[in-house]
Amino acid sequence: MRPDVKPTRRYALIGHPLGHSLSPVIHAEIDHLTGASNRYDLCEVPPEELAARLPRLLEQYDGLNVTIPHKERVIPLLTSLDPRAKALGAVNTINCQLGRGHNTDAGGVRPDLGDVEGARVLIIGAGGVARTLAALVLEMGCKELLITGRSPERVERFVADIARGLERRRVHSVTPDGLGELLLRREGAFDLIINATAAGMWPAVGELPLERGLLEALFDAGRPHVFDAVYNPPATRLLLLARSAGLRATGGLAMLWRQAVLARQIWEPDNEALGALITPSPETLGRLARELWRHFGQRIVLTGFVGSGKGVVVARLPQAFGLGGLGVSDLDDAFAAATGQHSPAWQREHGEARFRQMERQVLDELLATPGSQVIATGAGTLIQPGLAEHVHDRNALVVWLNAPLGLILERFRPAFERAGAGAAELREQTERLYRQRLALYREAADLMIDAGGTPDQVARRIAHALELA
Ligand code: NDP
């Protein structure tokens with residue numbers, strides 16, 4: 001073999017069911033960045049076959065990654081465990097030659113949490129990732145850790161399990177109602193809020209780990225850093241709400257990347273090039289995010305006042321997202337195509353109630369189109385009662401192009417000029433409608449984007465908030 005050609009190693013992910021996994025893409029990217037060419041397989045191993053198949057897999061591969069449902073059950077089948085895997089009772093990486101289990105999740109997420117020393121932390125969730133994160137924030141010196149979740153008994157058991165000895169003073173469980181009471185007592189301020197549940201994970205992207213009103217009250221109370229372990233979509237609904245509230249919000253994609261690089265360091269201890277990759281570059285994260293958008297139909301609905309620029313901006317999104325294949329559409333155009341008439345004319349003929357019904361039907365058809373897509377809606381669409389929830393139930397997120405009144409009035413100037421003597425009245429009507437609708441857009445939206453500037457600038461702002469730039 002030539003000295004500059006590195007040997008091909010064989011790695012695999014074992015789990016069940018695996019579906020489309022990002023791991024092969026991440027490891028191919030690591031190979032690309034280090035000039036290596038390894039092989040990474042996906043091995044479906046049903047739980048009942050794990051014990052019988054593991055010895056052969058250990059022979060066949062240099063390294064294995066382990067995912068649900070094997071992270072705990074693989075432990076008795078291994079020769080040894082590193083201290084972190086032992087403490088967490090979960091393995092995500094195996095050195096096949098040694099039959100040794102490791103856990104790289106905690107090392108992967110540490111840089112995302114910032115400075116936790118002395119912090120008050122809230123973790124939502126009581127599963128495997130919550131356990132890793134709870135151990136980590138305690139180790140990093142948090143002042144107090146509260147755990148909440150939708151199943152209070154599971155949360156109680158989880159807390160009893162992790163909070164032994166002295167930790168009992170630092171770790172407590174709290175129900176979502178209990179969080180409400182803390183807020184009333186002005187004790188709801190957290191420095192860090194972590195989502196360690198599957199809520200918001202594709203395809204159910206409209207879900208939140210706690211009710212929106214409760215989350216927003218917690219955001220207000222402590223202006224916390226929000227970390228979401230979910231990485232698909234790259235920017236979850238929780239992150240978008242946190243960003244719209246002006247908070248620092250970090251997603252799970254960098255954690256996923258780092259645990260893969262740390263696994264490679266276990267498998268290739270002499271490969272010094274890996275050290276430089278621990279912190280993913282924005283380009284790498286963007287590539288991974290685009291990969292998720294290419295493989296999983298992600299859906300965004302754009303809303304905003306007349307003149308906020310939805311129609312123009314939507315056309316710029318494929319380029320801003322770096323996704324040539326992104327589907328973009330305009331609800332008004334789809335409505336005209338479906339009914340043979342433009343919406344105002346149809347509305348005049350059939351009335352408001354039937355129009356909104358028809359509009360919802362056309363929107364549903366667009367939302368059911370395969371592939372990732374962004375749909376620009378009419379200014380009055382998303383503010384209809386229940387429509388934002390309807391969109392969330394159809395696994396789509398709502399982005400509001402928020403144009404300040406001054407900008408709208410500026411964009412309306414030609415219309416006011418054409419109105420001649422009626423200009424003042426038209427202007428007053430516009431201002432009134434704008435003020436009425438502001439709260440409704442805010443309520444409907446997951447992400448608020450400043451609509452000022454050129455359409456390309458607005459498109460880039462959206463791409464950035466969705467982690468696609
Ligand atoms: P587990 O199945 O062990 O735990 C899931 C937790 O989420 C449980 O507390 C469960 O509550 C809760 N939960 C699930 N669905 C919902 C929902 N719709 N609303 C509220 N709570 C919910 O999973 P893991 O801990 O292994 O993984 C959790 C998430 O973390 C994954 O879905 C994944 O997105 C992410 N993850 C990220 C990684 C990364 O590197 N960024 C690595 C691994 C996972 P209950 O007991 O009531 O069901």
# chains A, B, ... in the order shown; residues from 1 in each chain; ligands from 1
>>> residues_near_ligand(ligand="ligand 1", cutoff="6 Å", atoms="only C-alpha atoms and all ligand atoms", output="number ranges by chain")
A: 125-130, 150-151, 154, 196-199, 201, 209, 229-231, 252-253, 255-256
>>> write_last_selection(atoms="C-alpha atoms", output="PDB file, in the first residue's frame")
ATOM      1  CA  GLY A 125     -37.649  14.981  29.668  1.00  0.00           C
ATOM      2  CA  ALA A 126     -36.669  11.903  31.616  1.00  0.00           C
ATOM      3  CA  GLY A 127     -35.136   9.549  29.035  1.00  0.00           C
ATOM      4  CA  GLY A 128     -31.597   8.675  27.957  1.00  0.00           C
ATOM      5  CA  VAL A 129     -30.544  12.124  26.697  1.00  0.00           C
ATOM      6  CA  ALA A 130     -32.023  13.779  29.812  1.00  0.00           C
ATOM      7  CA  ARG A 150     -45.328  15.051  30.648  1.00  0.00           C
ATOM      8  CA  SER A 151     -45.224  11.832  32.747  1.00  0.00           C
ATOM      9  CA  ARG A 154     -41.395   8.811  35.217  1.00  0.00           C
ATOM     10  CA  ALA A 196     -34.374  16.450  26.177  1.00  0.00           C
ATOM     11  CA  THR A 197     -37.648  15.053  24.853  1.00  0.00           C
ATOM     12  CA  ALA A 198     -38.565  13.939  21.359  1.00  0.00           C
ATOM     13  CA  ALA A 199     -41.194  16.704  21.125  1.00  0.00           C
ATOM     14  CA  MET A 201     -38.804  16.021  16.167  1.00  0.00           C
ATOM     15  CA  PRO A 209     -42.224  19.940  25.002  1.00  0.00           C
ATOM     16  CA  ALA A 229     -31.277  18.133  21.791  1.00  0.00           C
ATOM     17  CA  VAL A 230     -33.544  17.486  18.791  1.00  0.00           C
ATOM     18  CA  TYR A 231     -31.592  17.959  15.528  1.00  0.00           C
ATOM     19  CA  GLY A 252     -28.825  19.450  18.633  1.00  0.00           C
ATOM     20  CA  LEU A 253     -26.973  19.167  15.316  1.00  0.00           C
ATOM     21  CA  MET A 255     -23.972  17.721  19.524  1.00  0.00           C
ATOM     22  CA  LEU A 256     -24.626  14.983  16.987  1.00  0.00           C
TER      23      LEU A 256
END
>>> residues_around(residues="A:Val398", least_positions_apart="3", cutoff="12 Å", atoms="only C-alpha atoms", output="MDAnalysis selection string")
chainID A and resid 205:206 236:237 240:241 244 298:304 374:377 381:383 387:395 401 441:449 462 466
>>> closest_residue(among="A:Pro111, A:Gly15, A:Gly297, A:Gly141", to="A:Thr279", atoms="only C-alpha atoms")
A:Pro111
>>> closest_residue(among="A:Asn38, A:Thr148, A:Ser329, A:Ser21", to="A:Glu268", atoms="only C-alpha atoms")
A:Asn38
>>> closest_residue(among="A:Leu145, A:Thr67, A:Leu214, A:Ala204", to="A:Leu179", atoms="only C-alpha atoms")
A:Leu214
>>> residues_around(residues="A:His225", least_positions_apart="6", cutoff="7 Å", atoms="only C-alpha atoms", output="CSV table (one decimal) with C-alpha atoms, in the first residue's frame")
chain,number,residue,atom,x,y,z
A,191,ASP,CA,-30.5,30.4,33.2
A,192,LEU,CA,-30.7,27.3,30.9
A,193,ILE,CA,-33.7,25.4,29.6
A,247,LEU,CA,-33.0,34.5,23.4
A,248,ARG,CA,-29.8,32.5,22.7
A,249,ALA,CA,-31.1,29.2,21.2
>>> atom_distance(atom1="atom CA of A:Leu317", atom2="atom CA of A:Leu468")
10.4 Å
>>> closest_residue(among="A:Glu144, A:Asp228, A:Glu207, A:Asp332", to="A:Ala189", atoms="only C-alpha atoms")
A:Glu144
>>> select_by_dssp(residues="stretch 365-430 of chain A", states="helix (DSSP H, G or I)", output="ChimeraX atom specification")
/A:365-367,387-393,405-411,413-418,420-430
>>> closest_atom_pairs(of="stretch 236-265 of chain A", to="stretch 103-109 of chain A", cutoff="9 Å", atoms="only C-alpha atoms", output="CSV")
residue,atom,partner,partner_atom,distance
A:Gly252,CA,A:Val109,CA,8.1
A:Ala254,CA,A:Val109,CA,7.7
A:Met255,CA,A:Val109,CA,4.7
A:Leu256,CA,A:Gly108,CA,6.9
A:Trp257,CA,A:Gly108,CA,7.5
A:Arg258,CA,A:Gly108,CA,4.5
A:Gln259,CA,A:Gly108,CA,4.5
A:Ala260,CA,A:Thr104,CA,7.8
A:Val261,CA,A:Gly108,CA,8.4
A:Leu262,CA,A:Thr104,CA,6.1
A:Ala263,CA,A:Thr104,CA,6.5
>>> write_last_selection(atoms="N, CA and C atoms", output="short mmCIF file (atom, residue, chain, number, x, y, z; two decimals), in the first residue's frame")
data_model
loop_
_atom_site.label_atom_id
_atom_site.label_comp_id
_atom_site.auth_asym_id
_atom_site.auth_seq_id
_atom_site.Cartn_x
_atom_site.Cartn_y
_atom_site.Cartn_z
N GLY A 252 -29.55 20.68 18.33
CA GLY A 252 -28.82 19.45 18.63
C GLY A 252 -27.87 18.96 17.55
N ALA A 254 -25.00 20.20 16.33
CA ALA A 254 -23.56 20.25 16.67
C ALA A 254 -23.23 19.13 17.66
N MET A 255 -24.17 18.82 18.56
CA MET A 255 -23.97 17.72 19.52
C MET A 255 -23.82 16.40 18.77
N LEU A 256 -24.68 16.22 17.77
CA LEU A 256 -24.63 14.98 16.99
C LEU A 256 -23.28 14.86 16.26
N TRP A 257 -22.84 15.99 15.71
CA TRP A 257 -21.56 16.01 15.00
C TRP A 257 -20.41 15.66 15.96
N ARG A 258 -20.40 16.34 17.12
CA ARG A 258 -19.27 16.15 18.04
C ARG A 258 -19.21 14.73 18.58
N GLN A 259 -20.40 14.13 18.89
CA GLN A 259 -20.31 12.76 19.42
C GLN A 259 -19.74 11.82 18.35
N ALA A 260 -19.94 12.15 17.08
CA ALA A 260 -19.37 11.32 16.00
C ALA A 260 -17.85 11.51 15.92
N VAL A 261 -17.39 12.76 16.05
CA VAL A 261 -15.94 13.01 15.99
C VAL A 261 -15.26 12.34 17.20
N LEU A 262 -15.91 12.43 18.37
CA LEU A 262 -15.34 11.80 19.57
C LEU A 262 -15.30 10.28 19.40
N ALA A 263 -16.30 9.71 18.74
CA ALA A 263 -16.29 8.26 18.47
C ALA A 263 -15.10 7.92 17.56
#
>>> closest_residue(among="A:Thr250, A:Arg360, A:Leu42, A:Gly118", to="A:Gly19", atoms="only C-alpha atoms")
A:Leu42
>>> residues_around(residues="A:Arg294", least_positions_apart="5", cutoff="9 Å", atoms="only C-alpha atoms", output="PyMOL selection string")
chain A and resi 289+323+325-326+371-372
>>> select_by_dssp(residues="stretch 16-253 of chain A", states="strand (DSSP E or B)", output="number ranges by chain")
A: 39-44, 63-66, 80-81, 93-95, 100-102, 120-124, 144-148, 171-173, 192-195, 225-228, 249-250
>>> atom_distance(atom1="atom CA of A:Leu285", atom2="atom CA of A:Gly322")
12.8 Å
>>> closest_atom_pairs(of="stretch 79-106 of chain A", to="stretch 59-64 of chain A", cutoff="10 Å", atoms="only C-alpha atoms", output="tab-separated table")
residue	atom	partner	partner_atom	distance
A:Asn92	CA	A:Leu64	CA	8.1
A:Thr93	CA	A:Leu64	CA	5.7
A:Ile94	CA	A:Leu64	CA	5.0
A:Asn95	CA	A:Gly63	CA	5.2
A:Cys96	CA	A:Gly63	CA	5.3
A:Gln97	CA	A:Asp62	CA	6.6
A:Leu98	CA	A:Asp62	CA	9.7
A:Gly99	CA	A:Gly63	CA	9.5
A:Gly101	CA	A:Leu64	CA	9.4
>>> write_last_selection(atoms="N, CA and C atoms", output="compact mmCIF listing (two decimals), in the first residue's frame")
# COMPACT_ATOMS: atom_id res chain seq x y z
N ASN A 92 -22.89 4.46 23.50
CA ASN A 92 -23.23 4.84 22.12
C ASN A 92 -22.09 4.54 21.14
N THR A 93 -20.94 4.08 21.68
CA THR A 93 -19.77 3.81 20.82
C THR A 93 -19.05 2.56 21.35
N ILE A 94 -18.65 1.69 20.42
CA ILE A 94 -17.90 0.49 20.84
C ILE A 94 -16.59 0.41 20.08
N ASN A 95 -15.51 0.19 20.84
CA ASN A 95 -14.23 -0.15 20.22
C ASN A 95 -14.26 -1.66 20.04
N CYS A 96 -14.39 -2.10 18.78
CA CYS A 96 -14.68 -3.52 18.53
C CYS A 96 -13.51 -4.42 18.93
N GLN A 97 -12.29 -3.94 18.70
CA GLN A 97 -11.13 -4.77 19.00
C GLN A 97 -11.08 -5.12 20.50
N LEU A 98 -11.43 -4.12 21.32
CA LEU A 98 -11.37 -4.33 22.78
C LEU A 98 -12.71 -4.76 23.37
N GLY A 99 -13.77 -4.68 22.59
CA GLY A 99 -15.10 -4.97 23.13
C GLY A 99 -15.47 -3.99 24.23
N GLY A 101 -17.10 -0.43 25.71
CA GLY A 101 -18.19 0.53 25.44
C GLY A 101 -17.87 1.91 25.96
>>> atom_distance(atom1="atom CA of A:Leu239", atom2="atom CA of A:Leu138")
23.5 Å
>>> closest_residue(among="A:Glu211, A:Glu153, A:Glu467, A:Glu425", to="A:Trp293", atoms="only C-alpha atoms")
A:Glu467
>>> residues_around(residues="A:Glu359", least_positions_apart="2", cutoff="12 Å", atoms="only C-alpha atoms", output="number ranges by chain")
A: 330-339, 342-344, 346-347, 352-357, 361-366, 377-378, 380-382, 384, 387
>>> residues_around(residues="A:Ala119", least_positions_apart="2", cutoff="6 Å", atoms="only C-alpha atoms", output="JSON, numbers by chain")
{"A": [116, 117, 142, 143, 191]}
>>> write_last_selection(atoms="N, CA, C and O atoms", output="PDB file, in the first residue's frame")
ATOM      1  N   VAL A 116     -22.140  26.757  32.869  1.00  0.00           N
ATOM      2  CA  VAL A 116     -23.281  26.314  33.671  1.00  0.00           C
ATOM      3  C   VAL A 116     -23.010  26.486  35.169  1.00  0.00           C
ATOM      4  O   VAL A 116     -23.902  26.326  35.994  1.00  0.00           O
ATOM      5  N   GLU A 117     -21.790  26.829  35.508  1.00  0.00           N
ATOM      6  CA  GLU A 117     -21.448  26.947  36.929  1.00  0.00           C
ATOM      7  C   GLU A 117     -22.347  27.977  37.627  1.00  0.00           C
ATOM      8  O   GLU A 117     -22.495  29.107  37.166  1.00  0.00           O
ATOM      9  N   CYS A 142     -23.830  23.248  38.220  1.00  0.00           N
ATOM     10  CA  CYS A 142     -25.049  24.069  38.277  1.00  0.00           C
ATOM     11  C   CYS A 142     -25.471  24.231  39.731  1.00  0.00           C
ATOM     12  O   CYS A 142     -25.181  23.385  40.570  1.00  0.00           O
ATOM     13  N   LYS A 143     -26.189  25.313  39.996  1.00  0.00           N
ATOM     14  CA  LYS A 143     -26.604  25.580  41.377  1.00  0.00           C
ATOM     15  C   LYS A 143     -27.817  24.712  41.728  1.00  0.00           C
ATOM     16  O   LYS A 143     -27.910  24.150  42.793  1.00  0.00           O
ATOM     17  N   ASP A 191     -31.532  29.937  34.039  1.00  0.00           N
ATOM     18  CA  ASP A 191     -30.459  30.414  33.159  1.00  0.00           C
ATOM     19  C   ASP A 191     -30.368  29.557  31.900  1.00  0.00           C
ATOM     20  O   ASP A 191     -29.905  30.015  30.859  1.00  0.00           O
TER      21      ASP A 191
END
